[in-house]
Each structure stands twice: as structure tokens, then as C-alpha cells.
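Accompanying notes for the structure given below.
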Amino acid sequence: MKQIQGGVTAAKGFEAAGVEAAIKYQNRKDMALIVSKAPCTVAGTFTSNVVKAAPVLWDKQIVEYSAFAQAVVVNSGIANACTGKQGLDCCEAEAKCAGELLGVPTDAVLVASTGVIGMQIPVDKITAGIEKLVAAKADTLEAGSDAAHAIMTTDTISKEIAIETQIGGKTVTLGGMCKGSGMIHPNMCTMLGFVTTDVKISKEMLQKCVSADVVDSFNMISVDGDTSTNDTLLVLANGMAGNEEITAEGEDYDNFCKALHEITTFLAKKMAGDGEGATALFETKVINAVSKEDARTLAKSVICSSLTKAAIFGHDANWGRILCALGYSGAKFDPENVDLYFESKSGKIHIFGNGVACDYSEEEATKILSDPEVTALVDMHMGEAEATAWGCDLSYDYVKINADYRS
């Protein structure tokens, strides 16, 4: 397995585009298209929020009931959430317009939106945007990059990756892009994410792999504790690599799942590190826990702690906040038996052990915590399970960004 250049257009048979449609933003790309030259098996996971945006409701029906999918239309700026029947009608209008222009059925077109909740999307603008997207679509790396830029809202960087590996004696490719910076919390996948692949795999096995994967990738990130109304992860597989179809567990299935996990963890970390106002990616790795479930619970509790996140922003080795977050996580453990370390590219330091603070240098700890990627390593000494969660620091700018986001 190796990382290659590109994103959603890296796999055989996929085209993309990103254009300016002025849905809400001016003078920036705000609509994206992904389209396959061949029908795709599709799988997806969606927000656990009871309040689900219209595109989520539309896509859930397609993932569950449509014979195949072949295109995805995405807009940024307006979320099309809490928009009633008008919002659902907009989804249908988007899918119908794209389907007619691309020559595919309406129920083979997925839609996604991100942005402000409660605003209605101007249908005339979005259909005009679709016309521009279809005219601009291409299979180039640049086209994929345009699409990745077009789905950004408060993101400061676009997020895309591609992986090449061997499955069934064939070279196969997976590419992905996502957006996510705020309203990010571990419950499903907390963002908009799209993965394309030329692997041939059955719908049942693709969905099984995707559903299992998000538990240790997108579900292990948090920026602010808010689970969005629009969270969507879609994976499209068009089978153009020519491998024998994956229809059961085995070596080919395992290799595909490993490649998908490489894509999703990369994108998850990119989102966590690009949290609104963030200056650092904050990782918590829990090792030697009694169970995988406990390890996940403990790691997520730490990266979700506002006090800990603020300490990371201040480069302050305030380890008590981490112990506190572990303690209220709900997992049972002996605090006298926990070891805590901070580490980054500047080094590793033992902070806490045997129930008390270690004899460490505050100056060295501050140096480690000043790097752009910081890890808290927590050894529970209870078993063999481990899990990693990703978040970010909490800065003054987070409030500034969100205080007037709607206006």
C-alpha cells in the first residue's frame, strides 16, 4: 500500500469538478461534483443527530434502496437543514437536474450540503451550478482538488488523499476528500466525506467495511462537542479495477478495509487538526486498557475536555485535567496504576505515575506541548486493548469564528 497524489479522481473512471455558484459565498468555489463513468456500489453512514438535514434523508434512501449510485452533488454555504418539504424538494431538483445532464437516473444521484442551518437553497442557483459542474468535470488531479476546495466552509485547508494497493492481483486505487472544521464531535462521522474506489465489491461487504471503519476513524474525533445535522460519509465503488468481486470476508476484504482505514484516519486527523481556531492537533492514545470499548471511551473523554484543550493551547502541562477527564469518562480503573506521558516531535516526557506527579521539567514539557502535533499517551496497565482519539486545542479564535458565523 502506498499513498499517491490526488483525491476523488485518482481511481479509474471517476471525474470531478468544483465551481463558483454563489449559493451563499461570493468569489469562491462553493459547489462540487463527483461522477463515475460506470454505476457504483454505494455505502454510507450518517449523523446520529435526531435532527437530520434534507440531503441526509435523501441519501439514506438511495444508499438503502437504489440499485446503484453514479454521482454526488455538494454545495457549501447553506446546509439545507430544518428546511421542511422545500428542502427535500430542492434535493430532488438537484438530483433530477444532474441526472438529466449526466444521463443517469435521478435515484442514482446523491446530494450533500454544508453551511448555515435554516436557510433555503435557491434552486435556480444550484441548478445553474450543476450545469457549470457538468461542463467542467474532468478526471484530472486538478479537478479533484477543485472539488475538495469547493466543499470547504470554515476549513483553512482542503483535505484529500489517495491510496494505491493490490487486491486479487490487481492494482486498485482509493481516493477521498472531506470537509470539517466546526460542529465536529464523535458520533458517526461528523463531517462531509466522500471516498471513491475502482475496487469491485458487493454492496453488503462495502457497507460492512464502512460501518466498522468509522468506529475507529471518524467517530474518534472531536473539535467542539457538537454533532452536526448533515454528517455524511459516502463510499462509491465502480469496479473498474477488474479485481474479482469481493463478496465475503477474506484476504481481499481485509486488504480493502486496511486501505479504506488509511484514507479515513488520514482525513479524520486532518479535520481534527483544522478545528476552528485551532493551533495544534491533540491526540490521545490509551494503551493497555481492559477492553477496546474502555480504551475508546477514555481517549475520547480526554480530547473532548474543554479544560484540557485550553491547556494544550497554552502549552501548559496541566495533567490534572487529563486525569479528571479519564475519571469522569465512565470507564473503571485504578488511578494509582496509570502512567501519563506527553510526546511530540520535540521528545517524550513522563508526567504522572503511581498516583502522583513525576519529577519532570516544566520547561521541557512546555517545549513538547508547543509543537503543532501533541500526543497524550495514557498507559492503564489493565489489559491489552488500545485506542486513539484526535482533537485540537481550544483557542480564542474559536469563539470569534462562531460568534457571527450565521451573519
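Following the order of the C-alpha cells, chains are lettered A, B, ..., residues in each are numbered from 1, and ligands are numbered from 1.
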- Item | Selection: 9 Å around A:Val374, only C-alpha atoms, excl. self and same-chain fewer than 4 positions, as an NGL selection string | :A and (280-284 or 312 or 342-345 or 368-370)
Keeping only C-alpha atoms, write those residues as a PDB file, in the first residue's frame.
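Okay, part25.pdb is ready:
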ATOM      1  CA  ALA A 280      -2.453  22.147  17.269  1.00  0.00           C
ATOM      2  CA  LEU A 281      -3.645  18.608  16.606  1.00  0.00           C
ATOM      3  CA  PHE A 282      -4.182  16.968  20.016  1.00  0.00           C
ATOM      4  CA  GLU A 283      -4.022  13.176  20.025  1.00  0.00           C
ATOM      5  CA  THR A 284      -4.773  10.915  22.971  1.00  0.00           C
ATOM      6  CA  ILE A 312      -2.920  22.443  25.165  1.00  0.00           C
ATOM      7  CA  PHE A 342       3.309  13.871  26.741  1.00  0.00           C
ATOM      8  CA  GLU A 343       5.110  13.472  23.441  1.00  0.00           C
ATOM      9  CA  SER A 344       5.706  15.295  20.167  1.00  0.00           C
ATOM     10  CA  LYS A 345       8.499  15.654  17.651  1.00  0.00           C
ATOM     11  CA  ILE A 368       6.881  19.398  23.795  1.00  0.00           C
ATOM     12  CA  LEU A 369       3.410  20.956  24.096  1.00  0.00           C
ATOM     13  CA  SER A 370       4.371  23.827  21.786  1.00  0.00           C
TER      14      SER A 370
END
- Near A:Gly6, counting only C-alpha atoms, which residues have an atom at most 8 Å away, once you skip same-chain residues fewer than 6 positions from it, shown as a PyMOL selection string? chain A and resi 141+144-145+160-162+175
- With distances taken over only C-alpha atoms, the candidate from A:Asn255, A:Asn75, A:Gln166, A:Thr156 nearest A:Val123 is A:Asn75
- Which polymer residues have any atom within 8 Å of an atom of A:Leu260, counting only C-alpha atoms, with same-chain residues fewer than 4 positions away left out, as number ranges by chain? A: 174, 213, 256, 264
Next, write the just-selected residues to a file, as a PDB file, in the first residue's frame, keeping N, CA, C and O atoms as the atom set.
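File written: out28.pdb
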ATOM      1  N   LEU A 174      -7.923   3.967  -4.126  1.00  0.00           N
ATOM      2  CA  LEU A 174      -8.965   4.612  -3.340  1.00  0.00           C
ATOM      3  C   LEU A 174      -8.582   6.087  -3.192  1.00  0.00           C
ATOM      4  O   LEU A 174      -7.416   6.402  -2.946  1.00  0.00           O
ATOM      5  N   ASP A 213     -15.476   0.629   9.964  1.00  0.00           N
ATOM      6  CA  ASP A 213     -14.319   1.522   9.922  1.00  0.00           C
ATOM      7  C   ASP A 213     -14.520   2.809  10.701  1.00  0.00           C
ATOM      8  O   ASP A 213     -13.611   3.268  11.399  1.00  0.00           O
ATOM      9  N   PHE A 256      -8.794  -4.466   1.456  1.00  0.00           N
ATOM     10  CA  PHE A 256      -9.613  -3.301   1.133  1.00  0.00           C
ATOM     11  C   PHE A 256      -9.911  -2.484   2.391  1.00  0.00           C
ATOM     12  O   PHE A 256      -9.803  -1.247   2.379  1.00  0.00           O
ATOM     13  N   THR A 264      -9.514   7.013   5.767  1.00  0.00           N
ATOM     14  CA  THR A 264     -10.391   7.664   6.746  1.00  0.00           C
ATOM     15  C   THR A 264      -9.626   8.222   7.943  1.00  0.00           C
ATOM     16  O   THR A 264      -9.973   9.291   8.453  1.00  0.00           O
TER      17      THR A 264
END
- Item | One-decimal distance in Å that lies between atom CA of A:Val104 and atom CA of A:Glu245 |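 If I compute the distance from atom CA of A:Glu245 to atom CA of A:Val104, I get 23.4 Å.
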- Work out how far atom CA of A:Val8 is from atom CA of A:Cys91, in Å to one decimal.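 Value for the atom CA of A:Cys91-atom CA of A:Val8 distance: 22.2 Å.
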- Task: Show which residues sit within 9 Å of A:Asp146, as a ChimeraX atom specification. Count only C-alpha atoms, and ignore same-chain residues fewer than 2 positions away.
- Result: /A:16-19,29,32,141-144,148-150
Non-local contacts of A:Met152 (7 Å; only C-alpha atoms; under 3 positions in same chain excluded) as a CSV table (one decimal) with all heavy atoms, in the first residue's frame:
chain,number,residue,atom,x,y,z
A,76,SER,N,-21.6,24.1,-0.5
A,76,SER,CA,-21.2,24.7,0.8
A,76,SER,C,-21.9,26.0,0.9
A,76,SER,O,-22.3,26.7,0.0
A,76,SER,CB,-19.7,24.8,0.9
A,76,SER,OG,-19.2,25.7,-0.1
A,149,HIS,N,-11.7,21.8,-2.6
A,149,HIS,CA,-11.8,23.2,-2.2
A,149,HIS,C,-13.2,23.7,-2.1
A,149,HIS,O,-13.5,24.5,-1.3
A,149,HIS,CB,-10.9,24.1,-3.1
A,149,HIS,CG,-9.5,24.1,-2.9
A,149,HIS,ND1,-8.6,23.1,-3.4
A,149,HIS,CD2,-8.7,24.9,-2.1
A,149,HIS,CE1,-7.4,23.3,-3.0
A,149,HIS,NE2,-7.4,24.4,-2.2
A,155,ASP,N,-13.2,25.7,7.1
A,155,ASP,CA,-11.9,24.9,6.9
A,155,ASP,C,-10.8,25.9,6.4
A,155,ASP,O,-11.1,26.8,5.6
A,155,ASP,CB,-12.0,23.8,5.9
A,155,ASP,CG,-13.1,22.9,6.1
A,155,ASP,OD1,-14.3,23.3,6.2
A,155,ASP,OD2,-12.9,21.7,6.3
A,158,SER,N,-7.9,22.4,2.3
A,158,SER,CA,-8.7,21.4,1.7
A,158,SER,C,-8.0,20.0,2.2
A,158,SER,O,-6.9,20.0,2.6
A,158,SER,CB,-8.6,21.4,0.2
A,158,SER,OG,-7.3,21.3,-0.3
A,179,LYS,N,-14.6,17.6,4.3
A,179,LYS,CA,-14.6,18.9,4.9
A,179,LYS,C,-15.1,18.8,6.4
A,179,LYS,O,-15.9,17.9,6.7
A,179,LYS,CB,-15.4,19.9,4.1
A,179,LYS,CG,-16.9,19.7,4.1
A,179,LYS,CD,-17.7,20.2,5.4
A,179,LYS,CE,-17.3,21.6,5.7
A,179,LYS,NZ,-18.0,22.1,6.9
- Task: Just list the residues in stretch 37-209 of chain A DSSP gives strand (DSSP E or B) on the backbone, as number ranges by chain.
- Result: A: 37-46, 69-78, 109-116, 138, 159-167, 170-179, 192-197, 201
- Message: Residues within 12 Å of A:Val56, please, as number ranges by chain. Count only C-alpha atoms; anything in the same chain fewer than 6 positions from it doesn't count.
- Response: A: 44-50, 62-63, 74, 79-82, 87-88, 91, 110-114, 191-192, 228-234
- Item | Filtered DSSP result for stretch 161-241 of chain A, state helix (DSSP H, G or I), as an NGL selection string | :A and (203-216 or 218-220)
- Message: List as a PyMOL selection string the protein and nucleic acid residues near A:Leu377, meaning an atom at most 10 Å away when only C-alpha atoms are counted, but skip any in the same chain fewer than 6 places from it.
- Response: chain A and resi 283-287+299+339-343+348-351+388
Could you turn the residues from that selection into a file that holds all heavy atoms, as a CSV table (one decimal), in the first residue's frame?
chain,number,residue,atom,x,y,z
A,283,GLU,N,-3.7,14.6,20.1
A,283,GLU,CA,-4.0,13.2,20.0
A,283,GLU,C,-3.9,12.6,21.4
A,283,GLU,O,-3.0,12.9,22.2
A,283,GLU,CB,-3.0,12.5,19.1
A,283,GLU,CG,-3.1,11.0,19.0
A,283,GLU,CD,-2.0,10.4,18.1
A,283,GLU,OE1,-0.9,10.2,18.6
A,283,GLU,OE2,-2.3,10.2,16.9
A,284,THR,N,-4.9,11.7,21.7
A,284,THR,CA,-4.8,10.9,23.0
A,284,THR,C,-4.8,9.4,22.6
A,284,THR,O,-5.7,8.9,22.0
A,284,THR,CB,-5.9,11.2,23.9
A,284,THR,OG1,-5.9,12.6,24.3
A,284,THR,CG2,-5.8,10.4,25.2
A,285,LYS,N,-3.7,8.7,23.0
A,285,LYS,CA,-3.6,7.3,22.8
A,285,LYS,C,-3.7,6.6,24.1
A,285,LYS,O,-2.8,6.8,25.0
A,285,LYS,CB,-2.3,7.0,22.1
A,285,LYS,CG,-2.2,5.5,21.7
A,285,LYS,CD,-1.0,5.2,20.9
A,285,LYS,CE,-0.9,3.8,20.4
A,285,LYS,NZ,0.2,3.5,19.6
A,286,VAL,N,-4.7,5.7,24.3
A,286,VAL,CA,-4.8,4.9,25.5
A,286,VAL,C,-4.3,3.5,25.2
A,286,VAL,O,-4.8,2.9,24.2
A,286,VAL,CB,-6.3,4.9,26.0
A,286,VAL,CG1,-6.5,3.9,27.1
A,286,VAL,CG2,-6.7,6.3,26.4
A,287,ILE,N,-3.4,3.0,26.0
A,287,ILE,CA,-2.9,1.6,25.8
A,287,ILE,C,-3.1,0.8,27.0
A,287,ILE,O,-3.3,1.3,28.1
A,287,ILE,CB,-1.4,1.7,25.4
A,287,ILE,CG1,-0.6,2.3,26.5
A,287,ILE,CG2,-1.2,2.4,24.1
A,287,ILE,CD1,0.9,2.1,26.3
A,299,ALA,N,-10.1,7.6,25.7
A,299,ALA,CA,-9.4,8.5,24.8
A,299,ALA,C,-10.3,9.7,24.4
A,299,ALA,O,-9.8,10.8,24.3
A,299,ALA,CB,-8.9,7.7,23.6
A,339,ASP,N,-0.1,5.6,34.1
A,339,ASP,CA,1.1,6.4,33.7
A,339,ASP,C,0.7,7.3,32.5
A,339,ASP,O,0.0,6.9,31.6
A,339,ASP,CB,2.2,5.5,33.2
A,339,ASP,CG,3.0,4.9,34.3
A,339,ASP,OD1,3.5,5.7,35.2
A,339,ASP,OD2,3.1,3.6,34.4
A,340,LEU,N,1.1,8.6,32.6
A,340,LEU,CA,0.7,9.6,31.6
A,340,LEU,C,2.0,10.2,31.1
A,340,LEU,O,2.9,10.6,31.9
A,340,LEU,CB,-0.2,10.6,32.2
A,340,LEU,CG,-0.4,11.9,31.4
A,340,LEU,CD1,-1.2,11.5,30.1
A,340,LEU,CD2,-1.2,12.9,32.2
A,341,TYR,N,2.1,10.3,29.8
A,341,TYR,CA,3.2,10.9,29.1
A,341,TYR,C,2.7,11.9,28.1
A,341,TYR,O,1.6,11.8,27.5
A,341,TYR,CB,4.0,9.8,28.3
A,341,TYR,CG,4.5,8.7,29.1
A,341,TYR,CD1,3.7,7.6,29.4
A,341,TYR,CD2,5.8,8.6,29.6
A,341,TYR,CE1,4.1,6.5,30.1
A,341,TYR,CE2,6.3,7.5,30.3
A,341,TYR,CZ,5.4,6.4,30.5
A,341,TYR,OH,5.9,5.4,31.2
A,342,PHE,N,3.5,13.0,27.9
A,342,PHE,CA,3.3,13.9,26.7
A,342,PHE,C,4.4,13.6,25.7
A,342,PHE,O,5.6,13.4,26.1
A,342,PHE,CB,3.4,15.3,27.2
A,342,PHE,CG,2.1,15.8,27.9
A,342,PHE,CD1,2.3,16.5,29.1
A,342,PHE,CD2,0.9,15.6,27.4
A,342,PHE,CE1,1.1,17.0,29.8
A,342,PHE,CE2,-0.3,16.0,28.1
A,342,PHE,CZ,-0.1,16.7,29.3
A,343,GLU,N,4.1,13.6,24.5
A,343,GLU,CA,5.1,13.5,23.4
A,343,GLU,C,4.8,14.2,22.2
A,343,GLU,O,3.6,14.5,21.9
A,343,GLU,CB,5.4,12.0,23.1
A,343,GLU,CG,4.2,11.2,22.6
A,343,GLU,CD,4.6,9.7,22.4
A,343,GLU,OE1,5.7,9.5,22.0
A,343,GLU,OE2,3.7,8.9,22.7
A,348,LYS,N,9.6,13.1,24.5
A,348,LYS,CA,8.6,12.4,25.3
A,348,LYS,C,9.0,12.6,26.7
A,348,LYS,O,10.1,12.6,27.1
A,348,LYS,CB,8.6,10.9,24.9
A,348,LYS,CG,7.6,10.1,25.7
A,348,LYS,CD,7.6,8.7,25.2
A,348,LYS,CE,6.6,7.8,25.9
A,348,LYS,NZ,6.7,6.4,25.4
A,349,ILE,N,8.0,12.9,27.6
A,349,ILE,CA,8.2,13.1,29.0
A,349,ILE,C,7.2,12.4,29.8
A,349,ILE,O,6.0,12.4,29.5
A,349,ILE,CB,8.2,14.7,29.3
A,349,ILE,CG1,8.7,15.0,30.7
A,349,ILE,CG2,6.8,15.3,29.0
A,349,ILE,CD1,9.0,16.4,30.9
A,350,HIS,N,7.6,11.8,30.9
A,350,HIS,CA,6.7,11.1,31.9
A,350,HIS,C,6.2,12.1,32.8
A,350,HIS,O,7.0,12.8,33.6
A,350,HIS,CB,7.5,10.0,32.6
A,350,HIS,CG,6.7,9.0,33.3
A,350,HIS,ND1,7.2,8.1,34.2
A,350,HIS,CD2,5.3,8.8,33.4
A,350,HIS,CE1,6.2,7.3,34.7
A,350,HIS,NE2,5.1,7.8,34.2
A,351,ILE,N,4.9,12.3,32.9
A,351,ILE,CA,4.3,13.4,33.7
A,351,ILE,C,3.7,12.9,35.0
A,351,ILE,O,3.8,13.5,36.0
A,351,ILE,CB,3.2,14.0,32.8
A,351,ILE,CG1,3.8,14.7,31.6
A,351,ILE,CG2,2.3,15.0,33.7
A,351,ILE,CD1,4.6,16.0,31.9
A,388,THR,N,-7.1,5.3,19.9
A,388,THR,CA,-6.6,6.6,19.7
A,388,THR,C,-7.7,7.6,19.3
A,388,THR,O,-8.5,7.2,18.4
A,388,THR,CB,-5.5,6.7,18.6
A,388,THR,OG1,-4.4,5.8,19.0
A,388,THR,CG2,-4.9,8.1,18.5
- Query: In Å, how far is it from atom CA of A:Thr297 to atom CA of A:Gln207?
  - Reply: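 It comes out at 24.3 Å.
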Can you write out as a Markdown table which residues of stretch 72-139 of chain A fall within 12 Å of stretch 37-40 of chain A, alongside each residue's closest atom pair and its distance in Å to one decimal, counting only C-alpha atoms and ordering rows by chain and ascending residue number?
| residue | atom | partner | partner_atom | distance |
| --- | --- | --- | --- | --- |
| A:Val72 | CA | A:Cys40 | CA | 11.3 |
| A:Leu102 | CA | A:Lys37 | CA | 9.7 |
| A:Gly103 | CA | A:Lys37 | CA | 10.5 |
| A:Val104 | CA | A:Pro39 | CA | 8.9 |
| A:Pro105 | CA | A:Pro39 | CA | 10.4 |
| A:Asp107 | CA | A:Pro39 | CA | 11.8 |
| A:Ala108 | CA | A:Pro39 | CA | 8.3 |
| A:Val109 | CA | A:Pro39 | CA | 10.7 |
| A:Leu110 | CA | A:Cys40 | CA | 11.6 |
| A:Lys137 | CA | A:Lys37 | CA | 11.5 |
| A:Ala138 | CA | A:Lys37 | CA | 11.0 |
| A:Asp139 | CA | A:Lys37 | CA | 10.1 |
